[in-house]
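The file query16.cif comes next; it holds mmCIF, C-alpha atoms.
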data_upload
loop_
_atom_site.group_PDB
_atom_site.id
_atom_site.type_symbol
_atom_site.label_atom_id
_atom_site.label_comp_id
_atom_site.auth_asym_id
_atom_site.auth_seq_id
_atom_site.Cartn_x
_atom_site.Cartn_y
_atom_site.Cartn_z
ATOM 1 C CA MET G 1 0.000 0.000 0.000
ATOM 2 C CA ASN G 2 2.822 2.312 0.890
ATOM 3 C CA ARG G 3 4.520 1.428 -2.379
ATOM 4 C CA LEU G 4 1.334 2.196 -4.284
ATOM 5 C CA ALA G 5 1.046 5.561 -2.564
ATOM 6 C CA SER G 6 4.695 6.314 -3.361
ATOM 7 C CA LEU G 7 4.203 5.448 -7.026
ATOM 8 C CA LEU G 8 1.127 7.625 -7.164
ATOM 9 C CA LEU G 9 2.987 10.537 -5.594
ATOM 10 C CA LEU G 10 5.937 10.045 -7.948
ATOM 11 C CA SER G 11 3.662 10.024 -10.991
ATOM 12 C CA ILE G 12 2.023 13.246 -9.850
ATOM 13 C CA VAL G 13 5.436 14.864 -9.424
ATOM 14 C CA LEU G 14 6.582 13.646 -12.847
ATOM 15 C CA VAL G 15 3.458 14.912 -14.568
ATOM 16 C CA GLY G 16 3.893 18.218 -12.776
ATOM 17 C CA CYS G 17 7.465 18.498 -13.995
ATOM 18 C CA ALA G 18 6.655 17.482 -17.552
ATOM 19 C CA SER G 19 3.998 20.097 -18.199
ATOM 20 C CA GLU G 20 4.906 23.785 -18.052
ATOM 21 C CA PRO G 21 2.110 25.843 -16.532
ATOM 22 C CA ALA G 22 0.759 28.625 -18.706
ATOM 23 C CA ARG G 23 1.877 32.045 -17.430
ATOM 24 C CA GLU G 24 -0.402 34.995 -17.363
ATOM 25 C CA ILE G 25 0.574 37.391 -20.149
ATOM 26 C CA SER G 26 -1.499 40.482 -19.492
ATOM 27 C CA PRO G 27 -0.483 44.078 -18.759
ATOM 28 C CA THR G 28 -1.134 43.558 -15.050
ATOM 29 C CA ALA G 29 0.975 40.388 -14.781
ATOM 30 C CA GLU G 30 3.634 40.334 -12.078
ATOM 31 C CA GLY G 31 6.360 39.965 -14.689
ATOM 32 C CA PHE G 32 5.723 43.493 -15.969
ATOM 33 C CA VAL G 33 6.144 45.230 -12.620
ATOM 34 C CA GLY G 34 8.772 47.930 -13.068
ATOM 35 C CA PHE G 35 7.877 48.745 -16.683
ATOM 36 C CA PRO G 36 5.766 51.727 -17.822
ATOM 37 C CA PRO G 37 2.244 50.273 -18.143
ATOM 38 C CA ALA G 38 1.576 52.180 -21.366
ATOM 39 C CA VAL G 39 4.470 50.485 -23.144
ATOM 40 C CA VAL G 40 3.449 47.065 -21.827
ATOM 41 C CA THR G 41 -0.059 47.635 -23.151
ATOM 42 C CA GLU G 42 1.293 48.926 -26.444
ATOM 43 C CA ARG G 43 3.513 45.932 -27.076
ATOM 44 C CA LEU G 44 0.983 43.307 -26.013
ATOM 45 C CA GLY G 45 -1.518 45.054 -28.269
ATOM 46 C CA ASP G 46 0.683 44.658 -31.333
ATOM 47 C CA PRO G 47 -0.913 41.749 -33.233
ATOM 48 C CA VAL G 48 2.314 40.851 -35.038
ATOM 49 C CA PHE G 49 4.281 40.636 -31.827
ATOM 50 C CA PHE G 50 1.483 38.897 -29.954
ATOM 51 C CA ALA G 51 1.288 36.223 -32.659
ATOM 52 C CA ALA G 52 5.021 35.596 -32.311
ATOM 53 C CA LEU G 53 4.674 35.544 -28.537
ATOM 54 C CA THR G 54 1.865 33.041 -28.408
ATOM 55 C CA ALA G 55 3.722 30.785 -30.838
ATOM 56 C CA GLN G 56 6.400 30.282 -28.176
ATOM 57 C CA PRO G 57 6.266 27.558 -25.537
ATOM 58 C CA PRO G 58 4.375 28.878 -22.480
ATOM 59 C CA ALA G 59 7.500 28.766 -20.319
ATOM 60 C CA GLU G 60 9.297 31.169 -22.680
ATOM 61 C CA GLN G 61 6.507 33.670 -23.239
ATOM 62 C CA MET G 62 7.060 35.920 -20.238
ATOM 63 C CA ARG G 63 10.777 36.242 -20.990
ATOM 64 C CA MET G 64 10.027 37.201 -24.587
ATOM 65 C CA ALA G 65 7.390 39.697 -23.444
ATOM 66 C CA GLN G 66 9.719 41.250 -20.866
ATOM 67 C CA LEU G 67 12.510 41.555 -23.421
ATOM 68 C CA GLN G 68 10.156 43.024 -26.010
ATOM 69 C CA VAL G 69 9.003 45.763 -23.644
ATOM 70 C CA ALA G 70 12.486 46.472 -22.321
ATOM 71 C CA SER G 71 14.108 46.507 -25.758
ATOM 72 C CA THR G 72 11.400 48.861 -27.045
ATOM 73 C CA LEU G 73 12.200 51.284 -24.220
ATOM 74 C CA PHE G 74 15.911 50.818 -24.803
ATOM 75 C CA CYS G 75 15.609 51.489 -28.533
ATOM 76 C CA ARG G 76 13.638 54.683 -27.985
ATOM 77 C CA GLU G 77 16.189 55.948 -25.495
ATOM 78 C CA TYR G 78 19.055 54.924 -27.780
ATOM 79 C CA PHE G 79 17.433 56.687 -30.746
ATOM 80 C CA ALA G 80 16.844 59.850 -28.695
ATOM 81 C CA ALA G 81 20.467 59.747 -27.537
ATOM 82 C CA TYR G 82 21.620 59.446 -31.138
ATOM 83 C CA ARG G 83 19.559 62.459 -32.198
ATOM 84 C CA ASP G 84 20.857 64.500 -29.258
ATOM 85 C CA TRP G 85 24.388 63.571 -30.261
ATOM 86 C CA LEU G 86 23.826 64.927 -33.776
ATOM 87 C CA ILE G 87 22.402 68.166 -32.383
ATOM 88 C CA THR G 88 24.815 68.815 -29.529
ATOM 89 C CA GLY G 89 27.932 67.180 -30.919
ATOM 90 C CA LEU G 90 28.434 65.537 -27.541
ATOM 91 C CA PRO G 91 28.421 61.752 -27.130
ATOM 92 C CA PRO G 92 25.508 60.590 -24.968
ATOM 93 C CA ASP G 93 25.790 58.925 -21.607
ATOM 94 C CA ASP G 94 25.208 55.222 -21.279
ATOM 95 C CA VAL G 95 21.891 53.875 -22.469
ATOM 96 C CA THR G 96 20.257 51.657 -19.878
ATOM 97 C CA PHE G 97 18.234 48.523 -20.454
ATOM 98 C CA ILE G 98 15.410 48.758 -17.929
ATOM 99 C CA ARG G 99 14.988 45.704 -15.705
ATOM 100 C CA PRO G 100 11.617 44.530 -14.420
ATOM 101 C CA LYS G 101 11.202 43.742 -10.746
ATOM 102 C CA TYR G 102 11.033 40.017 -11.491
ATOM 103 C CA PRO G 103 13.234 39.301 -14.518
ATOM 104 C CA GLU G 104 12.899 35.935 -16.197
ATOM 105 C CA PRO G 105 15.964 33.695 -16.604
ATOM 106 C CA GLY G 106 18.037 34.891 -19.543
ATOM 107 C CA PHE G 107 16.810 38.470 -19.299
ATOM 108 C CA GLU G 108 19.979 39.801 -17.707
ATOM 109 C CA ASP G 109 22.323 38.271 -20.282
ATOM 110 C CA PHE G 110 20.317 39.840 -23.078
ATOM 111 C CA ALA G 111 20.230 43.217 -21.304
ATOM 112 C CA LEU G 112 23.980 43.214 -20.734
ATOM 113 C CA SER G 113 24.718 42.274 -24.328
ATOM 114 C CA TRP G 114 22.599 45.119 -25.706
ATOM 115 C CA GLU G 115 24.042 47.618 -23.231
ATOM 116 C CA ALA G 116 27.525 46.522 -24.239
ATOM 117 C CA LEU G 117 26.697 46.996 -27.920
ATOM 118 C CA ALA G 118 25.467 50.526 -27.259
ATOM 119 C CA GLU G 119 28.438 51.290 -25.064
ATOM 120 C CA ASP G 120 30.832 50.117 -27.764
ATOM 121 C CA ALA G 121 29.045 52.226 -30.356
ATOM 122 C CA ILE G 122 29.057 55.335 -28.164
ATOM 123 C CA THR G 123 32.669 54.976 -27.111
ATOM 124 C CA SER G 124 33.631 54.699 -30.787
ATOM 125 C CA ASN G 125 32.979 58.451 -30.770
ATOM 126 C CA ASP G 126 31.349 58.094 -34.174
ATOM 127 C CA PRO G 127 27.579 58.661 -34.444
ATOM 128 C CA ALA G 128 27.574 56.629 -37.651
ATOM 129 C CA VAL G 129 28.300 53.514 -35.584
ATOM 130 C CA VAL G 130 25.165 54.156 -33.521
ATOM 131 C CA HIS G 131 23.241 54.815 -36.738
ATOM 132 C CA ASP G 132 24.346 51.412 -38.014
ATOM 133 C CA GLN G 133 23.345 49.739 -34.750
ATOM 134 C CA LEU G 134 19.900 51.304 -34.909
ATOM 135 C CA LEU G 135 19.390 49.884 -38.393
ATOM 136 C CA ALA G 136 20.546 46.361 -37.545
ATOM 137 C CA LEU G 137 17.975 43.645 -38.120
ATOM 138 C CA GLY G 138 16.468 41.961 -35.106
ATOM 139 C CA GLY G 139 17.019 45.146 -33.147
ATOM 140 C CA CYS G 140 15.669 48.677 -33.074
ATOM 141 C CA VAL G 141 14.898 49.055 -36.779
ATOM 142 C CA ASP G 142 11.230 48.030 -36.509
ATOM 143 C CA VAL G 143 10.503 49.797 -33.231
ATOM 144 C CA ILE G 144 7.979 52.623 -33.479
ATOM 145 C CA ALA G 145 9.997 55.688 -32.513
ATOM 146 C CA ASP G 146 7.209 57.520 -30.717
ATOM 147 C CA PRO G 147 3.680 56.128 -30.770
ATOM 148 C CA ALA G 148 2.351 59.514 -29.655
ATOM 149 C CA THR G 149 3.413 61.120 -32.913
ATOM 150 C CA GLY G 150 2.724 58.332 -35.390
ATOM 151 C CA PRO G 151 3.554 54.842 -36.571
ATOM 152 C CA ALA G 152 6.959 55.646 -38.059
ATOM 153 C CA THR G 153 9.653 53.194 -37.080
ATOM 154 C CA ILE G 154 13.202 54.097 -36.167
ATOM 155 C CA GLY G 155 14.337 52.426 -39.371
ATOM 156 C CA GLU G 156 11.916 54.410 -41.507
ATOM 157 C CA ILE G 157 12.960 57.688 -39.926
ATOM 158 C CA LEU G 158 16.661 56.980 -40.283
ATOM 159 C CA SER G 159 16.146 55.883 -43.866
ATOM 160 C CA GLY G 160 14.327 59.086 -44.678
ATOM 161 C CA GLN G 161 11.110 57.238 -45.476
ATOM 162 C CA SER G 162 9.132 59.097 -42.888
ATOM 163 C CA ILE G 163 9.202 62.431 -41.149
ATOM 164 C CA SER G 164 8.576 62.390 -37.437
ATOM 165 C CA MET E 1 30.651 56.098 -15.421
ATOM 166 C CA LYS E 2 33.917 54.346 -14.734
ATOM 167 C CA ASN E 3 32.224 51.488 -12.911
ATOM 168 C CA ARG E 4 29.700 51.281 -15.703
ATOM 169 C CA PHE E 5 32.516 51.018 -18.194
ATOM 170 C CA VAL E 6 34.135 48.211 -16.238
ATOM 171 C CA GLY E 7 30.781 46.450 -16.139
ATOM 172 C CA ALA E 8 30.416 46.798 -19.867
ATOM 173 C CA ALA E 9 33.946 45.545 -20.389
ATOM 174 C CA LEU E 10 33.192 42.468 -18.332
ATOM 175 C CA ALA E 11 30.026 41.948 -20.325
ATOM 176 C CA ALA E 12 32.025 42.251 -23.526
ATOM 177 C CA VAL E 13 34.399 39.573 -22.285
ATOM 178 C CA GLY E 14 31.374 37.414 -21.630
ATOM 179 C CA ILE E 15 30.138 37.957 -25.162
ATOM 180 C CA MET E 16 33.532 37.046 -26.540
ATOM 181 C CA PHE E 17 33.465 33.860 -24.514
ATOM 182 C CA VAL E 18 30.030 32.980 -25.805
ATOM 183 C CA ALA E 19 31.098 33.819 -29.320
ATOM 184 C CA GLY E 20 34.048 31.492 -28.985
ATOM 185 C CA ALA E 21 31.852 28.734 -27.623
ATOM 186 C CA ALA E 22 29.198 29.143 -30.262
ATOM 187 C CA ALA E 23 31.752 29.690 -33.039
ATOM 188 C CA TYR E 24 30.715 32.693 -35.086
ATOM 189 C CA GLY E 25 29.525 31.375 -38.418
ATOM 190 C CA ALA E 26 28.294 28.174 -36.813
ATOM 191 C CA THR E 27 25.802 26.011 -38.629
ATOM 192 C CA GLY E 28 22.835 23.916 -37.667
ATOM 193 C CA ASP E 29 20.227 21.728 -39.288
ATOM 194 C CA GLY E 30 16.592 21.101 -38.618
ATOM 195 C CA SER E 31 13.350 19.784 -39.976
ATOM 196 C CA PHE E 32 9.756 20.411 -39.100
ATOM 197 C CA SER E 33 6.224 20.263 -40.394
ATOM 198 C CA ALA E 34 4.687 23.508 -41.654
ATOM 199 C CA THR E 35 1.379 24.488 -43.175
ATOM 200 C CA CYS E 36 0.564 24.415 -46.875
ATOM 201 C CA ASP E 37 -2.290 26.835 -46.190
ATOM 202 C CA PRO E 38 -0.724 30.199 -45.302
ATOM 203 C CA ALA E 39 -4.074 31.943 -45.677
ATOM 204 C CA SER E 40 -5.400 30.057 -42.667
ATOM 205 C CA TYR E 41 -2.396 29.141 -40.561
ATOM 206 C CA GLY E 42 0.712 30.839 -39.245
ATOM 207 C CA PHE E 43 4.388 30.016 -39.317
ATOM 208 C CA SER E 44 5.757 26.896 -37.655
ATOM 209 C CA THR E 45 9.072 26.275 -35.945
ATOM 210 C CA ASP E 46 10.975 23.320 -34.594
ATOM 211 C CA GLY E 47 11.734 25.374 -31.502
ATOM 212 C CA LYS E 48 15.497 25.054 -31.843
ATOM 213 C CA THR E 49 17.355 28.147 -30.628
ATOM 214 C CA TYR E 50 20.446 29.412 -32.433
ATOM 215 C CA GLN E 51 22.771 31.769 -30.581
ATOM 216 C CA HIS E 52 23.826 34.499 -32.992
ATOM 217 C CA SER E 53 26.645 35.919 -30.906
ATOM 218 C CA ALA E 54 27.910 38.866 -32.894
ATOM 219 C CA LYS E 55 26.256 41.316 -35.230
ATOM 220 C CA GLY E 56 26.483 39.943 -38.745
ATOM 221 C CA THR E 57 24.905 37.668 -41.296
ATOM 222 C CA VAL E 58 22.310 34.978 -40.691
ATOM 223 C CA SER E 59 21.283 32.664 -43.511
ATOM 224 C CA ILE E 60 18.748 29.861 -43.803
ATOM 225 C CA LYS E 61 18.896 27.376 -46.656
ATOM 226 C CA GLN E 62 15.868 25.361 -47.689
ATOM 227 C CA LYS E 63 17.580 22.029 -48.259
ATOM 228 C CA SER E 64 14.480 20.147 -49.323
ATOM 229 C CA THR E 65 10.730 20.009 -48.898
ATOM 230 C CA ASN E 66 8.153 17.255 -49.119
ATOM 231 C CA PRO E 67 6.105 17.867 -51.153
ATOM 232 C CA VAL E 68 8.345 20.256 -53.047
ATOM 233 C CA LEU E 69 7.235 23.876 -52.743
ATOM 234 C CA THR E 70 8.439 27.407 -52.107
ATOM 235 C CA SER E 71 8.549 28.467 -48.472
ATOM 236 C CA SER E 72 8.329 31.765 -46.700
ATOM 237 C CA VAL E 73 11.036 31.739 -44.036
ATOM 238 C CA LYS E 74 12.053 34.075 -41.265
ATOM 239 C CA ALA E 75 13.767 34.016 -37.896
ATOM 240 C CA ILE E 76 12.559 35.556 -34.648
ATOM 241 C CA SER E 77 14.803 36.555 -31.788
ATOM 242 C CA GLN E 78 14.156 35.943 -28.111
ATOM 243 C CA ASN E 79 12.740 39.431 -27.703
ATOM 244 C CA GLY E 80 10.253 38.858 -30.488
ATOM 245 C CA ASN E 81 11.957 40.855 -33.189
ATOM 246 C CA SER E 82 11.501 39.227 -36.554
ATOM 247 C CA LEU E 83 13.836 39.150 -39.524
ATOM 248 C CA PRO E 84 11.897 40.027 -42.709
ATOM 249 C CA VAL E 85 10.185 37.167 -44.535
ATOM 250 C CA VAL E 86 12.031 35.782 -47.567
ATOM 251 C CA ASN E 87 10.659 33.239 -50.056
ATOM 252 C CA VAL E 88 12.986 30.375 -50.962
ATOM 253 C CA SER E 89 12.747 27.176 -52.999
ATOM 254 C CA ASP E 90 14.743 23.976 -52.568
ATOM 255 C CA GLY E 91 18.463 24.733 -52.671
ATOM 256 C CA GLN E 92 17.989 28.454 -52.220
ATOM 257 C CA THR E 93 19.222 30.485 -49.254
ATOM 258 C CA ALA E 94 17.662 33.441 -47.487
ATOM 259 C CA THR E 95 20.315 35.780 -46.115
ATOM 260 C CA TRP E 96 20.019 38.684 -43.731
ATOM 261 C CA ALA E 97 22.993 40.974 -43.153
ATOM 262 C CA ASN E 98 23.619 43.245 -40.182
ATOM 263 C CA VAL E 99 21.633 41.092 -37.747
ATOM 264 C CA LEU E 100 21.920 41.941 -34.063
ATOM 265 C CA PRO E 101 23.054 39.263 -31.609
ATOM 266 C CA GLY E 102 20.333 37.210 -30.043
ATOM 267 C CA GLN E 103 18.797 33.794 -29.808
ATOM 268 C CA TYR E 104 16.894 33.068 -32.984
ATOM 269 C CA LYS E 105 14.413 30.396 -34.004
ATOM 270 C CA VAL E 106 13.635 29.434 -37.603
ATOM 271 C CA TYR E 107 10.061 29.783 -38.872
ATOM 272 C CA ALA E 108 8.521 28.655 -42.161
ATOM 273 C CA ARG E 109 5.314 28.021 -44.032
ATOM 274 C CA SER E 110 4.337 27.584 -47.652
ATOM 275 C CA SER E 111 4.575 30.861 -49.574
ATOM 276 C CA SER E 112 1.222 30.162 -51.233
ATOM 277 C CA SER E 113 -1.736 27.844 -50.796
ATOM 278 C CA VAL E 114 -0.802 24.395 -52.073
ATOM 279 C CA ASN E 115 -2.747 21.163 -51.780
ATOM 280 C CA CYS E 116 -0.317 18.958 -49.879
ATOM 281 C CA ASN E 117 -3.118 16.670 -48.729
ATOM 282 C CA GLY E 118 -4.223 14.865 -51.882
ATOM 283 C CA TRP E 119 -7.888 13.963 -51.731
ATOM 284 C CA LEU E 120 -8.085 14.559 -47.993
ATOM 285 C CA PRO E 121 -9.799 17.715 -46.728
ATOM 286 C CA GLY E 122 -7.709 20.846 -46.341
ATOM 287 C CA ASN E 123 -4.295 21.685 -47.737
ATOM 288 C CA GLY E 124 -2.363 19.863 -45.031
ATOM 289 C CA ASN E 125 1.287 20.240 -44.124
ATOM 290 C CA TYR E 126 4.692 19.717 -45.680
ATOM 291 C CA THR E 127 8.137 18.883 -44.326
ATOM 292 C CA PHE E 128 10.647 21.719 -44.297
ATOM 293 C CA ASN E 129 14.304 20.687 -44.113
ATOM 294 C CA TYR E 130 16.783 23.488 -43.557
ATOM 295 C CA SER E 131 20.282 24.433 -42.559
ATOM 296 C CA ILE E 132 21.192 27.676 -40.832
ATOM 297 C CA THR E 133 24.415 29.632 -40.619
ATOM 298 C CA TYR E 134 24.589 32.068 -37.761
#
Could the structure of this file be written out as structure tokens, please?
Amino acid sequence: MNRLASLLLLSIVLVGCASEPAREISPTAEGFVGFPPAVVTERLGDPVFFAALTAQPPAEQMRMAQLQVASTLFCREYFAAYRDWLITGLPPDDVTFIRPKYPEPGFEDFALSWEALAEDAITSNDPAVVHDQLLALGGCVDVIADPATGPATIGEILSGQSIS
Amino acid sequence: MKNRFVGAALAAVGIMFVAGAAAYGATGDGSFSATCDPASYGFSTDGKTYQHSAKGTVSIKQKSTNPVLTSSVKAISQNGNSLPVVNVSDGQTATWANVLPGQYKVYARSSSSVNCNGWLPGNGNYTFNYSITY
């Protein structure tokens, strides 16, 4: 009887380990604490991004969502820093990748790698290096520069396809 | 500022280590089932993650398909940023230059609606065999 109970308990544990619980991906989820709510809502409301998000395994979705929000904020700050550099002639300070209160595993590595890329570009003392970074694929190029002023992306603005 | 710089330098060392481990220009192979009905279904992936460690080129070759057709392929990074869709046939390679570092997964589906299902209902799926250089 004890053996039967042990086997039953073991099977419950194994089933529990095998299936990843679905995480809540909504603007009020705990994983988004520390981010501006408006940007969380904006990104989760993007149908293209949300389709990519929901195509991921449930265990990976919160990390992707956190990184999407944080990288959007980072790209906007990086783009603003680049524009200031062109106007003032002075290299910007470091651009920070905002961390949520409860970062998912892998978040920090990604944040550090993007901060390092920006730091390298800024310390090159050449705005063209930042310009190139902002146009790199898989990065800031498709980020809407300022949703309050229109849908133009950073890439479109830098390519002269849109005035913002 | 100085401490920040040291932190960034350490991070850069970490990236170099990862790059060495992952071997810049590394290759991988995969295969998965994808839809022949792009009007009704989205992209599929095998879920494999490829660590693109330094900004540069990523390419995906459609090695073969069954049944033979033209695919729409793309890659999506861990933060959800997507490389633009490129259509490729068997033996052709989609290449993206100037790609930021990140962990990317390969996605594909038929580029147009094709009946891969014979007399069965619906258009069904096909097998997408690929290799990736990252």
Here is a test: counting only C-alpha atoms, which residue of G:Pro47, G:Pro27, G:Pro127, G:Pro100 is nearest to G:Asp84?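 Once distances to G:Asp84 are computed over only C-alpha atoms, the minimum belongs to G:Pro127.
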When the PyMOL selection byres ((chain E and resi 105) around 8) is applied to the structure above, which residues does it catch, written out as a PyMOL selection string? chain E and resi 45-50+75-77+103-104+106-107
Give me the residues near stretch 43-45 of chain G as a PDB file with C-alpha atoms, in the coordinates of the input, where near means some atom within 12 Å (using only C-alpha atoms) and where sequence neighbours in that chain fewer than 5 positions away do not count.
ATOM      1  CA  ILE G  25       0.574  37.391 -20.149  1.00  0.00           C
ATOM      2  CA  SER G  26      -1.499  40.482 -19.492  1.00  0.00           C
ATOM      3  CA  PRO G  27      -0.483  44.078 -18.759  1.00  0.00           C
ATOM      4  CA  THR G  28      -1.134  43.558 -15.050  1.00  0.00           C
ATOM      5  CA  ALA G  29       0.975  40.388 -14.781  1.00  0.00           C
ATOM      6  CA  PHE G  32       5.723  43.493 -15.969  1.00  0.00           C
ATOM      7  CA  PHE G  35       7.877  48.745 -16.683  1.00  0.00           C
ATOM      8  CA  PRO G  36       5.766  51.727 -17.822  1.00  0.00           C
ATOM      9  CA  PRO G  37       2.244  50.273 -18.143  1.00  0.00           C
ATOM     10  CA  ALA G  38       1.576  52.180 -21.366  1.00  0.00           C
ATOM     11  CA  PHE G  50       1.483  38.897 -29.954  1.00  0.00           C
ATOM     12  CA  ALA G  51       1.288  36.223 -32.659  1.00  0.00           C
ATOM     13  CA  ALA G  52       5.021  35.596 -32.311  1.00  0.00           C
ATOM     14  CA  LEU G  53       4.674  35.544 -28.537  1.00  0.00           C
ATOM     15  CA  THR G  54       1.865  33.041 -28.408  1.00  0.00           C
ATOM     16  CA  GLN G  61       6.507  33.670 -23.239  1.00  0.00           C
ATOM     17  CA  MET G  62       7.060  35.920 -20.238  1.00  0.00           C
ATOM     18  CA  MET G  64      10.027  37.201 -24.587  1.00  0.00           C
ATOM     19  CA  ALA G  65       7.390  39.697 -23.444  1.00  0.00           C
ATOM     20  CA  GLN G  66       9.719  41.250 -20.866  1.00  0.00           C
ATOM     21  CA  LEU G  67      12.510  41.555 -23.421  1.00  0.00           C
ATOM     22  CA  GLN G  68      10.156  43.024 -26.010  1.00  0.00           C
ATOM     23  CA  VAL G  69       9.003  45.763 -23.644  1.00  0.00           C
ATOM     24  CA  ALA G  70      12.486  46.472 -22.321  1.00  0.00           C
ATOM     25  CA  SER G  71      14.108  46.507 -25.758  1.00  0.00           C
ATOM     26  CA  THR G  72      11.400  48.861 -27.045  1.00  0.00           C
ATOM     27  CA  LEU G  73      12.200  51.284 -24.220  1.00  0.00           C
ATOM     28  CA  VAL G 143      10.503  49.797 -33.231  1.00  0.00           C
ATOM     29  CA  ILE G 144       7.979  52.623 -33.479  1.00  0.00           C
ATOM     30  CA  PRO G 147       3.680  56.128 -30.770  1.00  0.00           C
TER      31      PRO G 147
ATOM     32  CA  ASN E  79      12.740  39.431 -27.703  1.00  0.00           C
ATOM     33  CA  GLY E  80      10.253  38.858 -30.488  1.00  0.00           C
ATOM     34  CA  ASN E  81      11.957  40.855 -33.189  1.00  0.00           C
TER      35      ASN E  81
END
Step by step, gather every atom of stretch 80-97 of chain G that the file lists, find the box along x, y and z that holds them, add 8 Å on each side, and finally give centre and edge lengths in Å to one decimal, as JSON.
{"center_x": 22.6, "center_y": 58.7, "center_z": -26.8, "size_x": 27.6, "size_y": 36.3, "size_z": 29.9}
Could you tell me which residues the PyMOL selection byres ((chain E) within 6 of (chain G)) grabs in this file, written as a VMD selection string? chain E and resid 8 78 to 79 81 to 83 98 to 100
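Reported to one decimal place, the separation of atom CA of E:Gly91 from atom CA of E:Leu120 is 28.8 Å.
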Between E:Ser131, E:Asn125, E:Thr95, E:Thr65, which residue has the minimum interatomic distance to E:Thr27, considering only C-alpha atoms? E:Ser131
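Atom CA of E:Thr93 lies 21.2 Å from atom CA of E:Ser113.
The nearest approach to E:Val73 among the residues E:Ala26, E:Val88, E:Cys36, E:Val114, with all atoms listed in the file taken into account, belongs to E:Val88.
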Mind giving me the straight-line distance from atom CA of G:Tyr82 to atom CA of G:Thr149 in Å, one decimal? 18.4 Å
Residues within 10 Å of G:Gly34, all atoms listed in the file, excluding chain neighbours under 4 positions, as a PyMOL selection string: chain G and resi 30+98-103
Neighbours of point (-0.8, 29.9, -44.2) within 8 Å, using only C-alpha atoms, written as a list in words: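 Answer for this query, in the requested form: Thr35, Cys36, Asp37, Pro38, Ala39, Ser40, Tyr41, Gly42, Phe43, Arg109, Ser110, Ser111, Ser112 and Ser113 of chain E.
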